[in-house]
$ cat my_file.cif   # mmCIF, C-alpha atoms
data_structure
loop_
_atom_site.group_PDB
_atom_site.id
_atom_site.type_symbol
_atom_site.label_atom_id
_atom_site.label_comp_id
_atom_site.auth_asym_id
_atom_site.auth_seq_id
_atom_site.Cartn_x
_atom_site.Cartn_y
_atom_site.Cartn_z
ATOM 1 C CA MET A 221 85.091 27.961 -23.881
ATOM 2 C CA SER A 222 83.120 26.271 -21.132
ATOM 3 C CA LYS A 223 80.157 27.965 -19.477
ATOM 4 C CA LYS A 224 82.012 27.776 -16.141
ATOM 5 C CA HIS A 225 85.036 29.603 -17.620
ATOM 6 C CA GLU A 226 82.777 32.246 -19.162
ATOM 7 C CA ASN A 227 81.138 32.842 -15.812
ATOM 8 C CA SER A 228 84.493 33.188 -14.037
ATOM 9 C CA GLU A 229 85.665 35.728 -16.642
ATOM 10 C CA GLU A 230 82.417 37.646 -16.202
ATOM 11 C CA LEU A 231 82.981 37.716 -12.433
ATOM 12 C CA GLU A 232 86.534 38.991 -12.937
ATOM 13 C CA VAL A 233 85.257 41.820 -15.150
ATOM 14 C CA GLN A 234 82.629 42.707 -12.572
ATOM 15 C CA ALA A 235 85.227 42.738 -9.802
ATOM 16 C CA GLU A 236 87.408 45.131 -11.788
ATOM 17 C CA GLU A 237 84.605 47.651 -12.301
ATOM 18 C CA PRO A 238 85.137 50.860 -10.305
ATOM 19 C CA ARG A 239 82.953 51.557 -7.307
ATOM 20 C CA SER A 240 79.840 53.577 -8.023
ATOM 21 C CA LYS A 241 79.722 57.273 -7.176
ATOM 22 C CA THR A 242 77.099 56.444 -4.552
ATOM 23 C CA ASP A 243 79.440 53.984 -2.805
ATOM 24 C CA GLU A 244 82.313 56.483 -2.883
ATOM 25 C CA PHE A 245 80.048 59.182 -1.496
ATOM 26 C CA LYS A 246 78.840 56.946 1.350
ATOM 27 C CA GLU A 247 82.422 56.061 2.269
ATOM 28 C CA MET A 248 83.408 59.734 2.235
ATOM 29 C CA LEU A 249 80.518 60.662 4.521
ATOM 30 C CA ALA A 250 81.419 57.858 6.940
ATOM 31 C CA ALA A 251 85.019 59.094 7.002
ATOM 32 C CA ASN A 252 83.817 62.671 7.492
ATOM 33 C CA ARG A 253 81.786 61.761 10.547
ATOM 34 C CA SER A 254 84.800 59.976 12.033
ATOM 35 C CA VAL A 255 87.039 63.008 11.494
ATOM 36 C CA PHE A 256 84.499 65.536 12.744
ATOM 37 C CA VAL A 257 83.482 63.711 15.935
ATOM 38 C CA ASN A 258 86.413 61.498 16.952
ATOM 39 C CA LYS A 259 88.468 63.516 19.429
ATOM 40 C CA ASN A 260 91.135 60.784 19.520
ATOM 41 C CA VAL A 261 92.051 61.059 15.831
ATOM 42 C CA GLU A 262 95.547 62.528 15.791
ATOM 43 C CA THR A 263 95.968 65.890 14.090
ATOM 44 C CA PRO A 264 98.446 65.577 11.205
ATOM 45 C CA GLY A 265 101.664 67.477 11.947
ATOM 46 C CA PRO A 266 103.782 69.549 9.577
ATOM 47 C CA GLU A 267 105.800 66.456 8.540
ATOM 48 C CA SER A 268 102.820 64.108 8.096
ATOM 49 C CA ASP A 269 101.675 62.400 4.890
ATOM 50 C CA ASP A 270 98.916 64.993 4.822
ATOM 51 C CA ALA A 271 101.599 67.641 4.128
ATOM 52 C CA LYS A 272 103.461 65.710 1.396
ATOM 53 C CA GLY A 273 102.443 68.176 -1.305
ATOM 54 C CA PHE A 274 103.580 71.218 0.672
ATOM 55 C CA THR A 275 106.689 73.169 -0.275
ATOM 56 C CA PRO A 276 109.617 73.279 2.194
ATOM 57 C CA GLU A 277 108.630 76.886 2.990
ATOM 58 C CA GLN A 278 105.051 75.840 3.752
ATOM 59 C CA ARG A 279 106.226 73.017 6.010
ATOM 60 C CA GLU A 280 108.543 75.378 7.861
ATOM 61 C CA LEU A 281 105.764 77.950 8.337
ATOM 62 C CA LEU A 282 103.354 75.291 9.575
ATOM 63 C CA SER A 283 105.987 74.027 12.041
ATOM 64 C CA ARG A 284 106.458 77.543 13.438
ATOM 65 C CA ALA A 285 102.701 78.026 13.683
ATOM 66 C CA HIS A 286 102.357 74.786 15.670
ATOM 67 C CA ALA A 287 105.212 75.747 17.987
ATOM 68 C CA ALA A 288 103.712 79.205 18.503
ATOM 69 C CA ILE A 289 100.229 78.031 19.498
ATOM 70 C CA ARG A 290 101.650 75.342 21.804
ATOM 71 C CA HIS A 291 103.513 78.099 23.602
ATOM 72 C CA ARG A 292 100.611 80.578 23.485
ATOM 73 C CA PHE A 293 97.582 78.455 24.440
ATOM 74 C CA GLU A 294 96.470 76.329 27.355
ATOM 75 C CA ASP A 295 95.272 72.776 26.719
ATOM 76 C CA ARG A 296 91.613 73.502 25.872
ATOM 77 C CA ARG A 297 92.330 76.273 23.357
ATOM 78 C CA LEU A 298 95.212 74.269 21.874
ATOM 79 C CA LYS A 299 92.968 71.247 21.288
ATOM 80 C CA HIS A 300 90.341 73.455 19.663
ATOM 81 C CA SER A 301 92.886 75.068 17.312
ATOM 82 C CA LEU A 302 94.287 71.688 16.279
ATOM 83 C CA GLY A 303 90.733 70.388 15.819
ATOM 84 C CA VAL A 304 89.878 73.299 13.526
ATOM 85 C CA GLU A 305 93.084 72.689 11.547
ATOM 86 C CA ARG A 306 92.230 69.013 11.076
ATOM 87 C CA THR A 307 88.629 69.756 10.124
ATOM 88 C CA ALA A 308 89.670 72.544 7.746
ATOM 89 C CA ALA A 309 92.074 70.168 5.987
ATOM 90 C CA ARG A 310 89.325 67.589 5.547
ATOM 91 C CA LEU A 311 86.854 70.167 4.243
ATOM 92 C CA ALA A 312 89.502 71.565 1.879
ATOM 93 C CA ARG A 313 89.956 68.166 0.236
ATOM 94 C CA MET A 314 86.192 67.728 -0.027
ATOM 95 C CA TYR A 315 85.537 71.148 -1.552
ATOM 96 C CA ASP A 316 88.702 71.540 -3.649
ATOM 97 C CA VAL A 317 90.195 74.379 -1.575
ATOM 98 C CA ASP A 318 93.959 74.751 -1.048
ATOM 99 C CA VAL A 319 94.811 72.403 1.843
ATOM 100 C CA PHE A 320 97.811 74.376 3.097
ATOM 101 C CA SER A 321 95.822 77.632 3.286
ATOM 102 C CA ALA A 322 93.045 75.800 5.125
ATOM 103 C CA ARG A 323 95.430 74.219 7.644
ATOM 104 C CA ILE A 324 97.463 77.332 8.427
ATOM 105 C CA ALA A 325 94.306 79.467 8.774
ATOM 106 C CA GLY A 326 92.674 76.793 10.925
ATOM 107 C CA VAL A 327 95.548 76.382 13.347
ATOM 108 C CA LEU A 328 96.070 80.157 13.779
ATOM 109 C CA HIS A 329 92.460 81.373 13.658
ATOM 110 C CA ASP A 330 92.135 82.012 17.422
ATOM 111 C CA TRP A 331 95.487 83.796 17.842
ATOM 112 C CA ASN A 332 94.033 86.642 19.956
ATOM 113 C CA LYS A 333 91.249 84.636 21.606
ATOM 114 C CA GLU A 334 92.686 84.656 25.121
ATOM 115 C CA LEU A 335 93.515 88.378 25.334
ATOM 116 C CA PRO A 336 91.658 90.377 28.042
ATOM 117 C CA ALA A 337 88.504 92.214 26.950
ATOM 118 C CA ASP A 338 89.983 95.680 27.495
ATOM 119 C CA GLU A 339 92.984 94.853 25.326
ATOM 120 C CA LEU A 340 90.770 93.468 22.563
ATOM 121 C CA ILE A 341 88.619 96.614 22.602
ATOM 122 C CA GLU A 342 91.718 98.800 22.464
ATOM 123 C CA GLN A 343 93.134 96.810 19.540
ATOM 124 C CA GLY A 344 89.742 96.863 17.837
ATOM 125 C CA LYS A 345 89.702 100.646 17.947
ATOM 126 C CA LYS A 346 93.248 100.799 16.538
ATOM 127 C CA ILE A 347 92.308 98.726 13.494
ATOM 128 C CA GLY A 348 89.054 100.640 12.916
ATOM 129 C CA PHE A 349 86.571 97.926 13.921
ATOM 130 C CA ASP A 350 83.008 99.192 13.477
ATOM 131 C CA PHE A 351 81.844 99.261 17.106
ATOM 132 C CA PRO A 352 78.090 99.734 17.627
ATOM 133 C CA GLU A 353 77.658 102.795 19.833
ATOM 134 C CA GLY A 354 77.288 101.889 23.487
ATOM 135 C CA HIS A 355 77.894 98.183 22.873
ATOM 136 C CA GLU A 356 81.679 97.807 22.914
ATOM 137 C CA ARG A 357 81.617 94.996 25.470
ATOM 138 C CA ASP A 358 78.749 93.204 23.774
ATOM 139 C CA VAL A 359 80.945 92.491 20.742
ATOM 140 C CA VAL A 360 84.157 91.487 22.555
ATOM 141 C CA SER A 361 83.716 87.859 21.479
ATOM 142 C CA LEU A 362 84.012 88.955 17.821
ATOM 143 C CA LEU A 363 87.189 91.005 18.170
ATOM 144 C CA HIS A 364 89.795 88.234 18.359
ATOM 145 C CA ALA A 365 89.261 87.489 14.640
ATOM 146 C CA PRO A 366 90.011 90.873 13.018
ATOM 147 C CA THR A 367 92.604 91.898 15.628
ATOM 148 C CA GLY A 368 94.216 88.466 15.415
ATOM 149 C CA ALA A 369 94.609 88.757 11.652
ATOM 150 C CA VAL A 370 96.422 92.093 12.077
ATOM 151 C CA ALA A 371 98.712 90.664 14.775
ATOM 152 C CA LEU A 372 99.461 87.581 12.671
ATOM 153 C CA LYS A 373 100.500 89.710 9.725
ATOM 154 C CA GLU A 374 103.355 91.007 11.894
ATOM 155 C CA GLU A 375 104.128 87.665 13.548
ATOM 156 C CA PHE A 376 104.097 85.666 10.296
ATOM 157 C CA PRO A 377 104.732 88.079 7.376
ATOM 158 C CA GLU A 378 104.648 85.151 4.931
ATOM 159 C CA LEU A 379 100.927 84.536 5.478
ATOM 160 C CA ALA A 380 98.958 85.141 2.303
ATOM 161 C CA PRO A 381 96.301 87.888 2.285
ATOM 162 C CA GLU A 382 93.555 85.325 1.660
ATOM 163 C CA VAL A 383 94.592 83.382 4.794
ATOM 164 C CA LEU A 384 94.564 86.544 6.922
ATOM 165 C CA GLN A 385 91.160 87.465 5.501
ATOM 166 C CA ALA A 386 89.700 84.044 6.365
ATOM 167 C CA ILE A 387 90.973 84.408 9.936
ATOM 168 C CA SER A 388 89.603 87.954 10.156
ATOM 169 C CA ARG A 389 86.129 86.854 9.043
ATOM 170 C CA HIS A 390 85.654 83.693 11.087
ATOM 171 C CA THR A 391 83.480 85.345 13.764
ATOM 172 C CA THR A 392 81.281 87.795 11.844
ATOM 173 C CA GLY A 393 81.307 86.443 8.320
ATOM 174 C CA ALA A 394 80.997 88.897 5.417
ATOM 175 C CA PRO A 395 78.721 89.506 2.413
ATOM 176 C CA ASP A 396 81.390 88.327 -0.063
ATOM 177 C CA MET A 397 82.862 85.240 1.582
ATOM 178 C CA THR A 398 85.407 83.270 -0.462
ATOM 179 C CA ASP A 399 85.556 79.468 -0.343
ATOM 180 C CA LEU A 400 88.453 79.664 2.126
ATOM 181 C CA ASP A 401 86.540 82.165 4.295
ATOM 182 C CA MET A 402 83.505 79.875 4.431
ATOM 183 C CA LEU A 403 85.621 76.798 5.044
ATOM 184 C CA VAL A 404 87.383 78.281 8.120
ATOM 185 C CA TYR A 405 84.059 79.568 9.496
ATOM 186 C CA VAL A 406 82.524 76.095 9.133
ATOM 187 C CA ALA A 407 85.581 74.235 10.482
ATOM 188 C CA ASP A 408 85.498 76.389 13.609
ATOM 189 C CA MET A 409 81.869 75.372 14.168
ATOM 190 C CA ILE A 410 82.025 71.623 13.544
ATOM 191 C CA GLU A 411 85.470 70.594 14.823
ATOM 192 C CA PRO A 412 85.458 67.498 17.081
ATOM 193 C CA GLY A 413 85.440 69.428 20.372
ATOM 194 C CA ARG A 414 82.137 71.187 19.650
ATOM 195 C CA SER A 415 79.029 69.815 21.397
ATOM 196 C CA TYR A 416 76.163 72.316 20.961
ATOM 197 C CA ALA A 417 72.656 71.251 19.948
ATOM 198 C CA THR A 418 72.864 71.551 16.154
ATOM 199 C CA VAL A 419 76.442 70.411 15.579
ATOM 200 C CA GLY A 420 75.381 66.899 14.531
ATOM 201 C CA VAL A 421 73.023 68.294 11.879
ATOM 202 C CA LEU A 422 75.787 70.533 10.522
ATOM 203 C CA ARG A 423 78.403 67.745 10.466
ATOM 204 C CA ASP A 424 76.044 65.555 8.437
ATOM 205 C CA LEU A 425 75.747 68.331 5.841
ATOM 206 C CA ALA A 426 79.525 68.411 5.256
ATOM 207 C CA GLY A 427 80.097 66.807 1.878
ATOM 208 C CA ALA A 428 76.372 66.281 1.357
ATOM 209 C CA LYS A 429 75.768 69.954 0.515
ATOM 210 C CA PRO A 430 77.749 72.522 -1.484
ATOM 211 C CA LEU A 431 80.056 74.687 0.632
ATOM 212 C CA PRO A 432 77.882 77.851 0.392
ATOM 213 C CA ASP A 433 74.861 75.879 1.677
ATOM 214 C CA LEU A 434 76.924 74.422 4.516
ATOM 215 C CA TYR A 435 78.141 77.902 5.446
ATOM 216 C CA ARG A 436 74.568 79.262 5.344
ATOM 217 C CA ALA A 437 73.451 76.441 7.618
ATOM 218 C CA CYS A 438 76.225 77.239 10.097
ATOM 219 C CA TYR A 439 75.338 80.929 10.030
ATOM 220 C CA ALA A 440 71.672 80.043 10.599
ATOM 221 C CA SER A 441 72.610 77.937 13.604
ATOM 222 C CA THR A 442 74.681 80.791 15.046
ATOM 223 C CA MET A 443 71.861 83.294 14.670
ATOM 224 C CA VAL A 444 69.301 80.962 16.256
ATOM 225 C CA SER A 445 71.650 80.328 19.166
ATOM 226 C CA LEU A 446 72.157 84.071 19.739
ATOM 227 C CA PHE A 447 68.408 84.708 19.719
ATOM 228 C CA ASP A 448 67.692 81.702 21.927
ATOM 229 C CA ARG A 449 70.240 82.821 24.544
ATOM 230 C CA ARG A 450 69.020 86.443 24.374
ATOM 231 C CA HIS A 451 72.478 87.650 23.296
ATOM 232 C CA TYR A 452 73.239 90.953 21.625
ATOM 233 C CA VAL A 453 73.524 90.567 17.829
ATOM 234 C CA TYR A 454 76.127 92.625 15.995
ATOM 235 C CA PRO A 455 74.200 94.822 13.479
ATOM 236 C CA ALA A 456 76.491 93.874 10.579
ATOM 237 C CA ALA A 457 75.709 90.196 11.251
ATOM 238 C CA ILE A 458 72.005 90.882 10.733
ATOM 239 C CA GLU A 459 72.783 92.540 7.394
ATOM 240 C CA ILE A 460 74.893 89.536 6.373
ATOM 241 C CA TRP A 461 72.096 87.175 7.415
ATOM 242 C CA ASN A 462 69.532 89.133 5.375
ATOM 243 C CA ASP A 463 71.852 88.926 2.383
ATOM 244 C CA LEU A 464 72.259 85.159 2.833
ATOM 245 C CA VAL A 465 68.533 84.392 3.006
ATOM 246 C CA THR A 466 67.665 86.592 0.025
ATOM 247 C CA SER A 467 70.483 85.282 -2.200
ATOM 248 C CA ASP A 468 70.240 82.225 -4.483
ATOM 249 C CA GLY A 469 69.693 79.119 -2.395
ATOM 250 C CA GLY A 470 68.665 81.109 0.663
ATOM 251 C CA ASP A 471 65.246 79.443 0.807
ATOM 252 C CA ASN A 472 66.964 76.210 1.880
ATOM 253 C CA ASP A 473 67.835 77.832 5.188
ATOM 254 C CA LYS A 474 64.212 77.912 6.320
ATOM 255 C CA ASP A 475 64.305 74.137 6.840
ATOM 256 C CA LEU A 476 67.728 74.375 8.472
ATOM 257 C CA LEU A 477 66.426 77.018 10.860
ATOM 258 C CA VAL A 478 63.553 74.735 11.805
ATOM 259 C CA HIS A 479 66.066 71.951 12.507
ATOM 260 C CA ALA A 480 68.132 74.344 14.614
ATOM 261 C CA VAL A 481 65.144 75.509 16.663
ATOM 262 C CA GLN A 482 63.932 71.933 17.130
ATOM 263 C CA ALA A 483 67.401 70.794 18.218
ATOM 264 C CA GLU A 484 67.625 73.613 20.763
ATOM 265 C CA ALA A 485 64.145 72.747 22.060
ATOM 266 C CA ILE A 486 65.052 69.051 22.342
ATOM 267 C CA MET A 487 68.240 69.872 24.236
ATOM 268 C CA ASP A 488 66.353 72.178 26.624
ATOM 269 C CA SER A 489 63.756 69.457 27.169
ATOM 270 C CA GLU A 490 66.473 66.866 27.887
ATOM 271 C CA LYS A 491 68.164 69.188 30.383
ATOM 272 C CA LYS A 492 64.873 69.794 32.184
ATOM 273 C CA SER A 493 64.159 66.053 32.222
ATOM 274 C CA LYS A 494 67.587 65.301 33.748
ATOM 275 C CA LYS A 495 67.092 67.984 36.395
ATOM 276 C CA SER A 496 63.648 66.597 37.190
ATOM 277 C CA LYS A 497 64.985 63.025 37.547
ATOM 278 C CA LYS A 498 67.842 64.244 39.731
ATOM 279 C CA ALA A 499 65.449 66.173 41.951
ATOM 280 C CA LYS A 500 63.157 63.128 42.206
ATOM 281 C CA LYS A 501 66.086 60.913 43.285
ATOM 282 C CA GLY A 502 67.052 63.515 45.864
ATOM 283 C CA ARG A 503 63.526 63.555 47.305
ATOM 284 C CA LYS A 504 63.465 59.728 47.476
ATOM 285 C CA LYS A 505 66.769 59.676 49.378
ATOM 286 C CA LYS A 506 65.497 62.241 51.839
ATOM 287 C CA SER A 507 62.263 60.283 52.296
ATOM 288 C CA LYS A 508 64.180 57.049 53.068
ATOM 289 C CA LYS A 509 66.406 58.830 55.577
ATOM 290 C CA SER A 510 63.429 60.389 57.353
ATOM 291 C CA LYS A 511 61.722 56.985 57.639
ATOM 292 C CA LYS A 512 64.814 55.511 59.267
#
$ encode --input "my_file.cif" --output "structure tokens"
Amino acid sequence: MSKKHENSEELEVQAEEPRSKTDEFKEMLAANRSVFVNKNVETPGPESDDAKGFTPEQRELLSRAHAAIRHRFEDRRLKHSLGVERTAARLARMYDVDVFSARIAGVLHDWNKELPADELIEQGKKIGFDFPEGHERDVVSLLHAPTGAVALKEEFPELAPEVLQAISRHTTGAPDMTDLDMLVYVADMIEPGRSYATVGVLRDLAGAKPLPDLYRACYASTMVSLFDRRHYVYPAAIEIWNDLVTSDGGDNDKDLLVHAVQAEAIMDSEKKSKKSKKAKKGRKKKSKKSKK
């Protein structure tokens, strides 16, 4: 066999070798970023290739869920719900969580979001939500999750208990979060429509960190944001946070908290800089007019 022929065979063998794990990981991360930040990527519908493995009953339920939220929500809330569904599906494939459960929980997670505050408080009392005394209105933003799960159980009796639980926990979290619980919480925070200071940091962690670490990072970002904006913090959330930072792996959150604080500080600085430049332009315009 000639040397040239040997070399060509060697090249063919090399070409047939599978890609390295590093290459596959890099490609996955690139795809993740596209899914998490590209608002123009179409959300897969109930009949899409993404749903090929679903049973006929699952497809039918997903179709009804889509029809229901299109009727129930205005454009902004609808886009958010579809964004969470898409992100949840992507995360489910990355972290080996049931894709159908992730999609149906994602698309329905904000079912009660647009109800008036008084109605949410009333429903919260009916289901036994643990209201902090004297702070009913300070926790209104949390109530759509647990009350929504109860309402959805009546609207869609076929929904599995684990799906309803994930929906119920997506605002407050819980000490014993399942993979599906964490996944829906995270998807709600990093879907393509989100634009807060730390969202880029969190999106980059998707796939690069185990799901519990990603969830802890998201929870850290939420807590920092609440403190930074001087918002009331639900007492149970503080207990959950304490549990997260004292559990295995909790030390990693110290760095994530630093990132979150730095990101908030950078954003505040950028806002101030823009305001300053705008004010300076305004003064220059006034000065030119006065000279004329």
$ resolve_selection --input "my_file.cif" --expression "the PyMOL selection byres ((chain A and resi 278-293) around 9)" --output "PyMOL selection string"
chain A and resi 265-267+271+274-277+294-298+301-302+320+323-324+327-328+331+334+376+378-379
$ residues_around --input "my_file.cif" --residues "A:Gln385" --least-positions-apart "4" --cutoff "8 Å" --atoms "all atoms listed in the file" --output "list in words"
Ala369, Pro381, Arg389 and Asp401 of chain A
$ residues_near_point --input "my_file.cif" --point "(72.1, 89.3, 10.8)" --cutoff "12 Å" --atoms "all atoms listed in the file" --output "compact mmCIF listing (two decimals) with C-alpha atoms, in the frame of the given file"
# COMPACT_ATOMS: atom_id res chain seq x y z
CA THR A 392 81.28 87.80 11.84
CA GLY A 393 81.31 86.44 8.32
CA ALA A 394 81.00 88.90 5.42
CA PRO A 395 78.72 89.51 2.41
CA ARG A 436 74.57 79.26 5.34
CA TYR A 439 75.34 80.93 10.03
CA ALA A 440 71.67 80.04 10.60
CA SER A 441 72.61 77.94 13.60
CA THR A 442 74.68 80.79 15.05
CA MET A 443 71.86 83.29 14.67
CA VAL A 444 69.30 80.96 16.26
CA LEU A 446 72.16 84.07 19.74
CA PHE A 447 68.41 84.71 19.72
CA TYR A 452 73.24 90.95 21.62
CA VAL A 453 73.52 90.57 17.83
CA TYR A 454 76.13 92.62 16.00
CA PRO A 455 74.20 94.82 13.48
CA ALA A 456 76.49 93.87 10.58
CA ALA A 457 75.71 90.20 11.25
CA ILE A 458 72.00 90.88 10.73
CA GLU A 459 72.78 92.54 7.39
CA ILE A 460 74.89 89.54 6.37
CA TRP A 461 72.10 87.18 7.42
CA ASN A 462 69.53 89.13 5.38
CA ASP A 463 71.85 88.93 2.38
CA LEU A 464 72.26 85.16 2.83
CA VAL A 465 68.53 84.39 3.01
CA THR A 466 67.67 86.59 0.02
$ resolve_selection --input "my_file.cif" --expression "the PyMOL selection byres ((chain A and resi 424) around 12)" --output "list in words"
Lys246, Met248, Leu249, Ala250, Ala251, Asn252, Arg253, Ser254, Val255, Phe256, Val257, Ile410, Thr418, Val419, Gly420, Val421, Leu422, Arg423, Leu425, Ala426, Gly427, Ala428, Lys429, Leu434, Ala437 and Cys438 of chain A
$ atom_distance --input "my_file.cif" --atom1 "atom CA of A:Lys373" --atom2 "atom CA of A:Glu305"
18.7 Å
$ closest_residue --input "my_file.cif" --among "A:Asp448, A:Glu375, A:Asp433, A:Asp399" --to "A:Tyr315" --atoms "only C-alpha atoms"
A:Asp399
$ residues_around --input "my_file.cif" --residues "stretch 339-352 of chain A" --least-positions-apart "2" --cutoff "10 Å" --atoms "all atoms listed in the file" --output "PyMOL selection string"
chain A and resi 332-337+354-368+370-371+454-456
$ closest_residue --input "my_file.cif" --among "A:Ala309, A:Glu382, A:Ser467, A:His390" --to "A:Val406" --atoms "all atoms listed in the file"
A:His390
$ resolve_selection --input "my_file.cif" --expression "the PyMOL selection byres ((chain A and resi 413-415) around 8)" --output "list of chain:residue names"
A:Val257, A:Lys259, A:Lys299, A:His300, A:Gly303, A:Met409, A:Ile410, A:Glu411, A:Pro412, A:Tyr416, A:Ala417, A:Val419
$ atom_distance --input "my_file.cif" --atom1 "atom CA of A:Asp318" --atom2 "atom CA of A:Ser388"
17.9 Å
$ atom_distance --input "my_file.cif" --atom1 "atom CA of A:Arg450" --atom2 "atom CA of A:His329"
26.3 Å
$ axis_aligned_box --input "my_file.cif" --around "stretch 255-258 of chain A" --padding-each-side "3 Å" --output "lines of an AutoDock Vina configuration file"
center_x = 85.3
center_y = 63.5
center_z = 14.2
size_x = 9.6
size_y = 10.0
size_z = 11.5
$ decode --input "my_file.cif" --residues "stretch 331-369 of chain A" --atoms "C-alpha atoms" --output "mmCIF file, in the first residue's frame"
data_model
loop_
_atom_site.group_PDB
_atom_site.id
_atom_site.type_symbol
_atom_site.label_atom_id
_atom_site.label_comp_id
_atom_site.auth_asym_id
_atom_site.auth_seq_id
_atom_site.Cartn_x
_atom_site.Cartn_y
_atom_site.Cartn_z
ATOM 1 C CA TRP A 331 -52.666 31.328 34.802
ATOM 2 C CA ASN A 332 -53.825 33.714 37.567
ATOM 3 C CA LYS A 333 -51.236 36.440 36.960
ATOM 4 C CA GLU A 334 -53.635 39.070 35.638
ATOM 5 C CA LEU A 335 -56.310 38.757 38.346
ATOM 6 C CA PRO A 336 -56.930 41.888 40.487
ATOM 7 C CA ALA A 337 -55.079 42.079 43.812
ATOM 8 C CA ASP A 338 -58.240 41.819 45.919
ATOM 9 C CA GLU A 339 -59.312 38.664 44.107
ATOM 10 C CA LEU A 340 -55.873 37.098 44.524
ATOM 11 C CA ILE A 341 -55.895 37.856 48.259
ATOM 12 C CA GLU A 342 -59.374 36.378 48.594
ATOM 13 C CA GLN A 343 -58.342 33.226 46.718
ATOM 14 C CA GLY A 344 -55.144 33.038 48.755
ATOM 15 C CA LYS A 345 -57.147 32.979 51.966
ATOM 16 C CA LYS A 346 -59.433 30.253 50.578
ATOM 17 C CA ILE A 347 -56.506 27.947 49.827
ATOM 18 C CA GLY A 348 -54.807 28.645 53.176
ATOM 19 C CA PHE A 349 -51.839 30.692 51.932
ATOM 20 C CA ASP A 350 -49.611 31.666 54.862
ATOM 21 C CA PHE A 351 -50.083 35.449 54.857
ATOM 22 C CA PRO A 352 -47.643 37.420 57.037
ATOM 23 C CA GLU A 353 -49.732 39.467 59.459
ATOM 24 C CA GLY A 354 -50.307 42.998 58.226
ATOM 25 C CA HIS A 355 -48.594 42.364 54.888
ATOM 26 C CA GLU A 356 -51.315 40.889 52.675
ATOM 27 C CA ARG A 357 -50.721 43.380 49.868
ATOM 28 C CA ASP A 358 -46.957 43.072 50.077
ATOM 29 C CA VAL A 359 -47.155 39.448 48.915
ATOM 30 C CA VAL A 360 -49.754 39.854 46.141
ATOM 31 C CA SER A 361 -47.110 39.217 43.473
ATOM 32 C CA LEU A 362 -46.576 35.705 44.904
ATOM 33 C CA LEU A 363 -50.221 34.645 44.998
ATOM 34 C CA HIS A 364 -50.829 33.894 41.314
ATOM 35 C CA ALA A 365 -48.666 30.747 41.608
ATOM 36 C CA PRO A 366 -50.431 28.805 44.392
ATOM 37 C CA THR A 367 -53.915 30.095 43.508
ATOM 38 C CA GLY A 368 -53.265 29.408 39.830
ATOM 39 C CA ALA A 369 -52.342 25.798 40.547
#
